[in-house]
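Asks: Got a structure here, written out as structure tokens. Questions coming.
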Amino acid sequence: MEQALEQLLAGVADRARSVLVEGPPGIGKTHRWTTVVSGVAERGWRVLAARPAESETRLGGIALIDLFGDVTDDELEVLPRPQRVALETALLRSDGADITRDPHHVAVAVASLLKSLAAAARVCVAIDDLQWLDDLTAGSLGYAARRLSGINVAFVLARRGTPDEPLPVPARELAEAGLLDRCAVQPLAVDDIESLLRRRIEDDIPRPMRAYIAKVSAGNPFYALELAGYWHSRDGDVTGLPPSLQMLVSNRIAALPDDVRVAVEAASALARPDVRTLAALGYEDAVAEAARADILVVRRGEVRFTHPLIGSAAYDLMSTASRAALHATLAGVVNDIEERARHQALGDRRPNADTAALLDQARARALRRGDLASALDLARLAVSATPEGLADELDERQFEVGVLLVRVGDAHAAERQLRELSVEAHDPCLRARALLELARLGWFSAYDGGLSLARAALDAAVALGDEALQIGAHLQIGRALGIDQIDTALRHGTEALRLAESGPDADPALVAELRTFVAASKSFAGFGIDHATFADAIVAHQDPMLPPAIGDAAMWYGIALALAGELDQAQELLEEVLRRCDEHGTDEFEGYLCFWIGFVALRRGRLDDAQGWCERHVDAAQRKQQPNGVRYARFQLGVIATARGDFAEVERIASELDAEEQQAHDTVEAVGDPLLGLAALYDGRYDEALQRLGSTSARSDPTLLEDEGRYIEALIGAGELDQARTVLARFTALAERSGRLNAQAAVLRCQGLLNTAEGADEAALAFFEQALRFYTDPQWFPFDRGQTLLHMGRLLRRLRRKAAAKEALEQARDSFERIGAAGWVEHADAEIARIGLRQAGPQVLTETERRIAELIAQGLTSRQVAAQLFVSPKTVEANLTRIYRKLGISSRAELGVRLAVAPATGP
């Protein structure tokens with residue numbers, strides 16, 4: 001065991017690895033945990049420790065107070081003000097009365113604080129009995145754990161459980177990041193149990209009894225000691241000895257004097273027991289006696305159980321009436337409004353309007369602290385405390401429960417709660433509000449984006465004459481329609497703006513949000529970008545104390561710029577919005593932002609970056625229970641595979657999506673079919689491509705104009721030239737109206753293809769050359785540049801202009817090489833081979849190969865070259881293999897010598 005402990009300690013202290021010690025109750029987890037924590041402290045680590053108890057799960061943020069109890073106000077001062085205020089409120093160092101905080105502010109603050117502390121000294125976050133960690137602390141540490149890779153912070157955790165049980169937060173996040181070592185504590189051997197009993201029990205236990213205890217305890221040292229103590233108390237009589245720890249603990253509690261037992265029960269009912277509260281009940285002496293009996297531990301005025309099972313058993317053993325009486329007594333002595341409200345509600349389960357009102361206040365306080373779990377618990381208690389005659393108040397509190405369920409991410413429970421209210425609430429206005437909340441919930445979760453619900457909410461709002469609800473419903477309808485029906489979405493947004501501006505008390509923030517939506521919708525509809533409106537709205541929304549909302553002007557401006565091909569500015573804006581979201585801990589639309597940042601990366605040819613953003617999108621959508629978000633992210637992964645030329649992967653993803661859609665019977669949005677259409681298009685199966693792409697691309701929606709270009713390519717390939725001309729004419733008008741350069745380049749490429757199909761070869765070449773003038777920046781749509789050059793090279797080869805064809809095709813290959821599109825490089829190579837020119841000499845390298853060769857010869861690693869050229873390391877290695885083959889060498893050293901003697905030149 002000592003060797004295993006040394007290995008654990010070395011992993012934490014020497015390599016900053018995190019460790020999880022796990023096993024059943026009493027197996028010795030705490031001993032190992034304490035040993036490792038003490039060891040890292042002796043090596044100069046700063047230890048932030050907490051040992052939560054089961055009762056502490058009821059009050060969010062309790063463990064944070066333990067963890068950061070020794071952190072000074074000066075150390076908190078380095079945090080950005082939104083984070084500092086949120087954390088100070090959660091730590092009860094500030095009441096936060098002047099603000100309302102999203103709970104993720106606390107999580108972001110915890111991550112920032114750990115990074116700050118780690119800059120001064122290595123930090124060990126030590127938590128025993130992880131399973132009792134309150135939700136706010138667990139969520140905050142889980143958030144931090146995902147963002148602390150490479151920083152001198154290690155977690156030392158212990159939990160009750162087995163390796164096959166799901167990992168709790170933050171152990172799960174550490175394991176997913178590959179930063180966690182797990183230590184499953186094994187039962188002690190019989191000899192070890194007997195040795196333990198000899199050391200800990202003064203009276204000699206007969207060997208047969210020691211063997212019996214070792215057998216019954218199954219190697220659990222806590223069980224063994226309890227059994228031995230019970231044997232000793234019965235003068236060696238083991239008749240009827242209970243085989244389970246629960247019964248042993250129950251007997252131990254029952255054996256306490258009445259006043260001590262009552263004090264222990266009171267401690268078990270408190271979320272955070274302390275000497276002051278227990279002394280106010282007259283239990284000060286009893287607490288001291290319980291400490292002497294090894295039931296409680298008193299430290300710095302705080303009280304905890306020597307083992308959490310003892311506290312759990314003490315609470316569970318009480319009768320319902322005794323438990324209620326205890327809660328009623330505690331309500332009169334605790335000062336914290338949240339705990340007082342909880343005790344008051346649990347002390348008298350009968351409905352009481354005053355209790356319900358107190359719970360409302362406590363819920364509001366919990367929300368200010370950012371503790372959604374406690375707020376939800378208090379909201380549910382408020383529902384139970386509402387008298388029958390107060391139907392409207394009951395519905396309102398049930399509505400608050402539904403909204404909180406949305407915010408904690410329990411979409412299914414939220415839907416059930418809100419759907420019931422949308423039908424059965426007494427107040428028709430509340431029914432409409434519930435419909436609108438359901439629509440917002442369905443925006444990412446339901447297949448129609450909550451569209452039908454938003455329309456139902458609008459009908460109800462119109463019938464009620466409630467303009468505020470009408471505005472919200474029009475806006476939600478517009479959002480749900482989105483880019484797929486952008487013209488209709490624009491009409492709803494415009495109507496919402498008209499209503500908002502026509503009222504006598506127009507809300508400036510709402511008006512700015514609606515103007516942003518209308519400006520974005522106009523841009524998506526192909527009417528250009530209203531830069532002035534976006535700029536004004538961004539200024540109106542600039543409040544560093546507030547997290548970005550779904551109407552954030554900078555986000556929608558970034559999306560509009562991304563669609564227009566203004567990639568640099570789009571990336572800057574979108575990443576800045578995401579940074580602000582991370583700073584404030586807002587993850588409501590993290591997946592949405594990841595989608596569009598990945599969209600930009602894909603169009604810049606940074607396929608590895610795009611893949612990373614898509615994978616983060618999948619993770620975010622799964623956490624938020626957004627199935628359509630997961631599907632869109634997987635669709636985008638398929639598009640990335642298309643850009644790589646990995647058509648087997650495209651087919652795999654598309655087939656999976658298509659199968660899911662068939663099984664779902666129109667309850668999910670179809671995205672597998674168009675992905676299969678892309679694969680068919682690039683494989684030359686034009687009839688199939690036309691069938692699959694036609695359902696999504698033959699539309700008036702100009703948002704993704706490049707999709708229209710793919711559809712036209714399929715029409716031309718399938719020989720449908722008349723229809724291709726008709727669609728191309730519409731496409732040309734939309735591209736000109738929108739002012740989008742990428743769309744105008746796509747129009748010219750399609751003109752080239754159509755003229756090629758009609759035999760107007762010289763006109764086709766002219767169109768291709770005009771299209772290529774748009775692609776002067778190598779990081780601006782390099783995949784489209786490569787496709788244009790590929791089409792042009794094929795035409796030149798057919799015209800037997802071999803040198804020009806070779807030049808165009810090698811430039812196409814170079815474009816594909818830059819972005820790591822290995823499959824398309826092979827396509828280009830195959831086209832070059834079909835030209836029939838004599839192979840160039842062994843030293844002729846492409847432009848990309850020359851740049852890579854020169855950088856490698858300078859001593860750069862593959863990863864450094866990849867970073868400098870904005871390609872993946874795999875792309876560098878693939879090019880290096882071709883360079884070696886062309887130059888007839890086999891090492892980097894030979895490459896340096898070859899280039900020094902005769903620098904490689906192009907054709």
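Starting from 1 in every chain, residues are counted up; chains themselves are A, B, ... following the order of the structure tokens, and ligands are numbered from 1 as listed.
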Within 12 Å of A:Ala293, counting only C-alpha atoms, which residues qualify if same-chain residues fewer than 2 places away don't, as a list in words?

Replies: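 The residues satisfying every condition are Arg252, Ile253, Ala255, Leu256, Pro257, Val260, Arg261, Val264, Ala286, Val287, Ala288, Glu289, Ala290, Ala291, Ile295, Leu296, Val297, Phe305 and Thr306 of chain A.
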
Asks: Restricted to all heavy atoms, what would the selected residues look like written as a CSV table (one decimal), in the first residue's frame?

Replies:
chain,number,residue,atom,x,y,z
A,252,ARG,N,-24.8,2.6,16.8
A,252,ARG,CA,-23.9,3.5,17.4
A,252,ARG,C,-24.6,4.8,17.8
A,252,ARG,O,-24.4,5.3,18.9
A,252,ARG,CB,-22.7,3.8,16.5
A,252,ARG,CG,-21.6,4.6,17.0
A,252,ARG,CD,-20.4,4.7,16.1
A,252,ARG,NE,-19.4,5.6,16.6
A,252,ARG,CZ,-18.3,5.9,15.9
A,252,ARG,NH1,-18.1,5.4,14.7
A,252,ARG,NH2,-17.4,6.7,16.5
A,253,ILE,N,-25.4,5.3,16.9
A,253,ILE,CA,-26.2,6.5,17.2
A,253,ILE,C,-27.2,6.3,18.3
A,253,ILE,O,-27.3,7.1,19.2
A,253,ILE,CB,-26.9,7.0,15.9
A,253,ILE,CG1,-25.8,7.5,14.9
A,253,ILE,CG2,-27.8,8.1,16.2
A,253,ILE,CD1,-26.4,7.8,13.6
A,255,ALA,N,-26.9,4.3,20.7
A,255,ALA,CA,-26.3,4.1,22.0
A,255,ALA,C,-25.9,5.4,22.6
A,255,ALA,O,-25.5,5.5,23.8
A,255,ALA,CB,-25.0,3.3,21.8
A,256,LEU,N,-26.0,6.5,21.9
A,256,LEU,CA,-25.6,7.8,22.5
A,256,LEU,C,-26.6,8.3,23.5
A,256,LEU,O,-27.8,7.9,23.4
A,256,LEU,CB,-25.6,8.9,21.4
A,256,LEU,CG,-24.5,8.7,20.3
A,256,LEU,CD1,-24.7,9.7,19.2
A,256,LEU,CD2,-23.1,8.9,20.9
A,257,PRO,N,-26.2,9.0,24.5
A,257,PRO,CA,-27.2,9.6,25.5
A,257,PRO,C,-28.2,10.5,24.7
A,257,PRO,O,-27.8,11.0,23.6
A,257,PRO,CB,-26.3,10.5,26.4
A,257,PRO,CG,-24.9,9.8,26.3
A,257,PRO,CD,-24.8,9.3,24.9
A,260,VAL,N,-27.1,13.9,23.5
A,260,VAL,CA,-26.0,13.9,22.5
A,260,VAL,C,-26.6,13.5,21.2
A,260,VAL,O,-26.3,14.0,20.1
A,260,VAL,CB,-24.9,12.9,22.9
A,260,VAL,CG1,-23.8,12.8,21.8
A,260,VAL,CG2,-24.3,13.4,24.2
A,261,ARG,N,-27.5,12.5,21.2
A,261,ARG,CA,-28.2,12.0,20.0
A,261,ARG,C,-29.0,13.1,19.3
A,261,ARG,O,-28.9,13.3,18.1
A,261,ARG,CB,-29.1,10.8,20.3
A,261,ARG,CG,-29.8,10.3,19.1
A,261,ARG,CD,-30.7,9.1,19.4
A,261,ARG,NE,-31.5,9.4,20.6
A,261,ARG,CZ,-32.6,10.1,20.6
A,261,ARG,NH1,-33.0,10.7,19.5
A,261,ARG,NH2,-33.3,10.3,21.7
A,264,VAL,N,-26.6,15.5,17.6
A,264,VAL,CA,-26.1,14.9,16.4
A,264,VAL,C,-27.2,14.9,15.3
A,264,VAL,O,-26.9,15.2,14.1
A,264,VAL,CB,-25.7,13.4,16.7
A,264,VAL,CG1,-25.5,12.7,15.3
A,264,VAL,CG2,-24.5,13.4,17.5
A,286,ALA,N,-23.3,18.9,24.5
A,286,ALA,CA,-23.6,17.6,23.8
A,286,ALA,C,-22.7,17.5,22.6
A,286,ALA,O,-22.3,16.4,22.2
A,286,ALA,CB,-25.1,17.6,23.4
A,287,VAL,N,-22.4,18.6,21.9
A,287,VAL,CA,-21.5,18.5,20.8
A,287,VAL,C,-20.1,18.1,21.2
A,287,VAL,O,-19.4,17.3,20.5
A,287,VAL,CB,-21.4,19.9,20.1
A,287,VAL,CG1,-20.3,20.0,19.1
A,287,VAL,CG2,-22.7,20.2,19.4
A,288,ALA,N,-19.6,18.6,22.3
A,288,ALA,CA,-18.3,18.2,22.8
A,288,ALA,C,-18.3,16.7,23.2
A,288,ALA,O,-17.3,16.0,22.9
A,288,ALA,CB,-18.0,19.1,24.1
A,289,GLU,N,-19.4,16.3,23.7
A,289,GLU,CA,-19.5,14.8,24.1
A,289,GLU,C,-19.5,14.0,22.8
A,289,GLU,O,-18.9,12.9,22.7
A,289,GLU,CB,-20.8,14.6,24.9
A,289,GLU,CG,-21.0,13.1,25.3
A,289,GLU,CD,-19.9,12.7,26.3
A,289,GLU,OE1,-19.3,13.5,27.0
A,289,GLU,OE2,-19.6,11.5,26.3
A,290,ALA,N,-20.2,14.4,21.8
A,290,ALA,CA,-20.2,13.7,20.5
A,290,ALA,C,-18.9,13.7,19.9
A,290,ALA,O,-18.5,12.7,19.2
A,290,ALA,CB,-21.2,14.3,19.5
A,291,ALA,N,-18.1,14.7,20.0
A,291,ALA,CA,-16.7,14.8,19.5
A,291,ALA,C,-15.9,13.8,20.3
A,291,ALA,O,-15.0,13.1,19.7
A,291,ALA,CB,-16.1,16.2,19.7
A,295,ILE,N,-17.9,10.9,17.0
A,295,ILE,CA,-19.0,11.1,16.1
A,295,ILE,C,-18.9,12.4,15.3
A,295,ILE,O,-19.1,12.4,14.1
A,295,ILE,CB,-20.4,11.1,16.8
A,295,ILE,CG1,-20.6,9.8,17.5
A,295,ILE,CG2,-21.5,11.4,15.9
A,295,ILE,CD1,-20.9,8.6,16.6
A,296,LEU,N,-18.5,13.4,16.0
A,296,LEU,CA,-18.3,14.7,15.4
A,296,LEU,C,-16.9,15.2,15.5
A,296,LEU,O,-16.2,14.8,16.4
A,296,LEU,CB,-19.3,15.8,16.0
A,296,LEU,CG,-20.8,15.5,15.9
A,296,LEU,CD1,-21.5,16.6,16.7
A,296,LEU,CD2,-21.2,15.5,14.5
A,297,VAL,N,-16.5,16.1,14.6
A,297,VAL,CA,-15.3,16.8,14.7
A,297,VAL,C,-15.5,18.3,14.7
A,297,VAL,O,-16.3,18.8,13.9
A,297,VAL,CB,-14.4,16.5,13.5
A,297,VAL,CG1,-13.1,17.3,13.5
A,297,VAL,CG2,-14.0,15.0,13.5
A,305,PHE,N,-19.1,15.6,10.6
A,305,PHE,CA,-19.1,14.2,11.1
A,305,PHE,C,-17.8,13.5,10.7
A,305,PHE,O,-17.2,13.8,9.7
A,305,PHE,CB,-20.3,13.4,10.4
A,305,PHE,CG,-21.7,13.8,11.0
A,305,PHE,CD1,-22.4,14.8,10.4
A,305,PHE,CD2,-22.2,13.1,12.1
A,305,PHE,CE1,-23.6,15.2,10.9
A,305,PHE,CE2,-23.4,13.5,12.6
A,305,PHE,CZ,-24.1,14.5,12.1
A,306,THR,N,-17.4,12.6,11.6
A,306,THR,CA,-16.2,11.8,11.3
A,306,THR,C,-16.3,11.0,10.1
A,306,THR,O,-15.3,10.7,9.4
A,306,THR,CB,-15.8,10.9,12.5
A,306,THR,OG1,-16.9,10.1,12.8
A,306,THR,CG2,-15.5,11.8,13.8

Asks: Env of A:Arg773: 12 Å cut, atoms = only C-alpha atoms, seq-sep filter 4 positions within chain, self excluded. Answer as a VMD selection string.

Replies: chain A and resid 741 to 742 744 to 746 748 to 749 766 to 769 777 to 778 780 785 788 to 789

Asks: Would you mind exporting the chosen residues as a tab-separated table (two decimals), in the first residue's frame, restricted to N, CA and C atoms?

Replies:
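To be explicit, this is the file written out as out.tsv:
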chain	number	residue	atom	x	y	z
A	741	LEU	N	-18.63	38.77	-52.27
A	741	LEU	CA	-17.59	38.44	-53.25
A	741	LEU	C	-17.50	36.94	-53.49
A	742	ASN	N	-17.67	36.15	-52.42
A	742	ASN	CA	-17.58	34.70	-52.60
A	742	ASN	C	-18.71	34.19	-53.49
A	744	GLN	N	-20.18	36.00	-55.88
A	744	GLN	CA	-19.87	36.46	-57.24
A	744	GLN	C	-18.82	35.57	-57.90
A	745	ALA	N	-17.84	35.12	-57.11
A	745	ALA	CA	-16.84	34.19	-57.65
A	745	ALA	C	-17.49	32.87	-58.02
A	746	ALA	N	-18.43	32.41	-57.19
A	746	ALA	CA	-19.13	31.15	-57.49
A	746	ALA	C	-19.97	31.28	-58.75
A	748	LEU	N	-19.29	33.13	-61.37
A	748	LEU	CA	-18.37	33.04	-62.51
A	748	LEU	C	-17.91	31.60	-62.75
A	749	ARG	N	-17.67	30.84	-61.67
A	749	ARG	CA	-17.29	29.44	-61.84
A	749	ARG	C	-18.42	28.67	-62.53
A	766	ALA	N	-12.51	32.22	-69.99
A	766	ALA	CA	-12.53	33.62	-69.54
A	766	ALA	C	-13.27	33.75	-68.21
A	767	PHE	N	-14.37	33.00	-68.08
A	767	PHE	CA	-15.11	33.05	-66.81
A	767	PHE	C	-14.27	32.47	-65.67
A	768	PHE	N	-13.57	31.36	-65.93
A	768	PHE	CA	-12.72	30.78	-64.88
A	768	PHE	C	-11.64	31.76	-64.44
A	769	GLU	N	-11.03	32.43	-65.43
A	769	GLU	CA	-9.97	33.39	-65.10
A	769	GLU	C	-10.51	34.57	-64.30
A	777	ASP	N	-6.04	36.21	-52.03
A	777	ASP	CA	-5.62	35.89	-50.66
A	777	ASP	C	-5.65	34.38	-50.50
A	778	PRO	N	-4.50	33.75	-50.21
A	778	PRO	CA	-4.47	32.28	-50.10
A	778	PRO	C	-5.32	31.74	-48.96
A	780	TRP	N	-8.38	32.89	-48.30
A	780	TRP	CA	-9.76	33.25	-48.59
A	780	TRP	C	-10.36	32.19	-49.52
A	785	ARG	N	-11.06	28.02	-54.56
A	785	ARG	CA	-10.01	28.33	-55.54
A	785	ARG	C	-9.51	27.05	-56.20
A	788	THR	N	-12.06	25.71	-58.67
A	788	THR	CA	-12.08	26.49	-59.90
A	788	THR	C	-10.90	26.13	-60.80
A	789	LEU	N	-9.72	26.02	-60.20
A	789	LEU	CA	-8.53	25.64	-60.97
A	789	LEU	C	-8.64	24.22	-61.52

Asks: As a list in words, please: the residues near A:Phe222 (cut-off 8 Å, only C-alpha atoms, same-chain neighbours under 5 positions excluded).

Replies: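 Counting only the stated atoms, we get Pro25, Gly26, Ile27 and Gly28 of chain A.
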
Asks: Near stretch 270-275 of chain A, within 6 Å and counting only C-alpha atoms, which residues show up once chain neighbours fewer than 6 positions away are dropped, as a PyMOL selection string?

Replies: chain A and resi 55-56+301-303

Asks: Restrict the selected residues to N, CA, C and O atoms and save them as an mmCIF file, in the first residue's frame.

Replies:
data_model
loop_
_atom_site.group_PDB
_atom_site.id
_atom_site.type_symbol
_atom_site.label_atom_id
_atom_site.label_comp_id
_atom_site.auth_asym_id
_atom_site.auth_seq_id
_atom_site.Cartn_x
_atom_site.Cartn_y
_atom_site.Cartn_z
ATOM 1 N N SER A 55 -25.503 16.403 3.953
ATOM 2 C CA SER A 55 -26.448 17.483 4.212
ATOM 3 C C SER A 55 -26.056 18.773 3.500
ATOM 4 O O SER A 55 -26.891 19.637 3.242
ATOM 5 N N GLU A 56 -24.789 18.903 3.127
ATOM 6 C CA GLU A 56 -24.317 20.138 2.508
ATOM 7 C C GLU A 56 -24.687 20.249 1.029
ATOM 8 O O GLU A 56 -24.527 21.301 0.426
ATOM 9 N N GLY A 301 -14.792 26.394 14.899
ATOM 10 C CA GLY A 301 -16.204 26.707 15.067
ATOM 11 C C GLY A 301 -17.129 25.936 14.159
ATOM 12 O O GLY A 301 -18.354 26.029 14.286
ATOM 13 N N GLU A 302 -16.558 25.175 13.197
ATOM 14 C CA GLU A 302 -17.375 24.372 12.299
ATOM 15 C C GLU A 302 -17.481 22.950 12.826
ATOM 16 O O GLU A 302 -16.582 22.459 13.516
ATOM 17 N N VAL A 303 -18.573 22.306 12.484
ATOM 18 C CA VAL A 303 -18.843 20.955 12.964
ATOM 19 C C VAL A 303 -19.041 20.040 11.764
ATOM 20 O O VAL A 303 -19.749 20.403 10.813
#

Asks: Would you pick out the contacts of stretch 29-38 of chain A at 8 Å or less, using only C-alpha atoms, so that residues sharing its chain but fewer than 5 positions from it are not included, and give the list as a list in words?

Replies: Leu5, Leu8, Leu9, Val21, Glu22, Gly23, Val47, Cys124, Ala126, Asp128, Val156, Leu157, Ala158, Arg159 and Val185 of chain A

Asks: Skipping near chain neighbours, those fewer than 4 positions away, what residues fall within 8 Å of stretch 593-598 of chain A using only C-alpha atoms, listed as an MDAnalysis selection string?

Replies: chainID A and resid 555 559 562 571 574:575 578 589 602 609:614 616:617 633

Asks: Selection from above, C-alpha atoms, as a PDB file, in the first residue's frame, can you write it?

Replies:
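Now in out27.pdb:
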ATOM      1  CA  MET A 555     -22.532  38.022 -32.760  1.00  0.00           C
ATOM      2  CA  ILE A 559     -22.409  35.934 -38.742  1.00  0.00           C
ATOM      3  CA  ALA A 562     -19.020  35.386 -42.321  1.00  0.00           C
ATOM      4  CA  GLN A 571     -13.616  35.632 -36.935  1.00  0.00           C
ATOM      5  CA  LEU A 574     -17.289  35.922 -33.160  1.00  0.00           C
ATOM      6  CA  GLU A 575     -14.278  34.874 -31.084  1.00  0.00           C
ATOM      7  CA  LEU A 578     -17.276  33.721 -27.274  1.00  0.00           C
ATOM      8  CA  PHE A 589     -25.499  29.561 -27.249  1.00  0.00           C
ATOM      9  CA  LEU A 602     -13.672  25.995 -42.947  1.00  0.00           C
ATOM     10  CA  ASP A 609      -9.477  24.293 -36.578  1.00  0.00           C
ATOM     11  CA  ALA A 610     -12.904  23.835 -38.114  1.00  0.00           C
ATOM     12  CA  GLN A 611     -12.976  20.238 -36.897  1.00  0.00           C
ATOM     13  CA  GLY A 612     -12.075  21.349 -33.379  1.00  0.00           C
ATOM     14  CA  TRP A 613     -14.888  23.921 -33.324  1.00  0.00           C
ATOM     15  CA  CYS A 614     -17.356  21.318 -34.591  1.00  0.00           C
ATOM     16  CA  ARG A 616     -16.818  21.600 -29.261  1.00  0.00           C
ATOM     17  CA  HIS A 617     -20.211  22.311 -30.846  1.00  0.00           C
ATOM     18  CA  ALA A 633     -22.390  19.933 -35.976  1.00  0.00           C
TER      19      ALA A 633
END

Asks: What does the structure give for the distance between atom CA of A:Phe647 and atom CA of A:Ile483, in Å to one decimal?

Replies: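 These two atoms are separated by 27.2 Å.
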
Asks: Enter the distance from atom CA of A:Asp505 to atom CA of A:Asp427, in Å, rounded to one decimal.

Replies: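 These two atoms are separated by 24.6 Å.
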
Asks: Check the smallest atom-to-atom distance from each of A:Lys874, A:Gly161, A:Gly859, A:Trp45 to A:Leu895 using only C-alpha atoms, then report the winner.

Replies: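 For A:Leu895, the nearest of the candidates is A:Gly859.
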
Asks: Provide the atom CA of A:Leu464 to atom CA of A:Leu435 distance in Å, to one decimal place.

Replies: 13.8 Å

Asks: Please provide the set of residues having any atom within 12 Å of A:Asp70, restricted to only C-alpha atoms, with same-chain residues fewer than 4 positions apart removed, written as a PyMOL selection string.

Replies: chain A and resi 46-50+64-66+74-76+91+117

Asks: Identify which of the residues A:Leu734, A:Ala509, A:Ala714, A:Ile653 lies closest to A:Cys750, counting only C-alpha atoms when measuring atom-to-atom distances.

Replies: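 Among the listed residues, the smallest separation from A:Cys750 belongs to A:Ala714.
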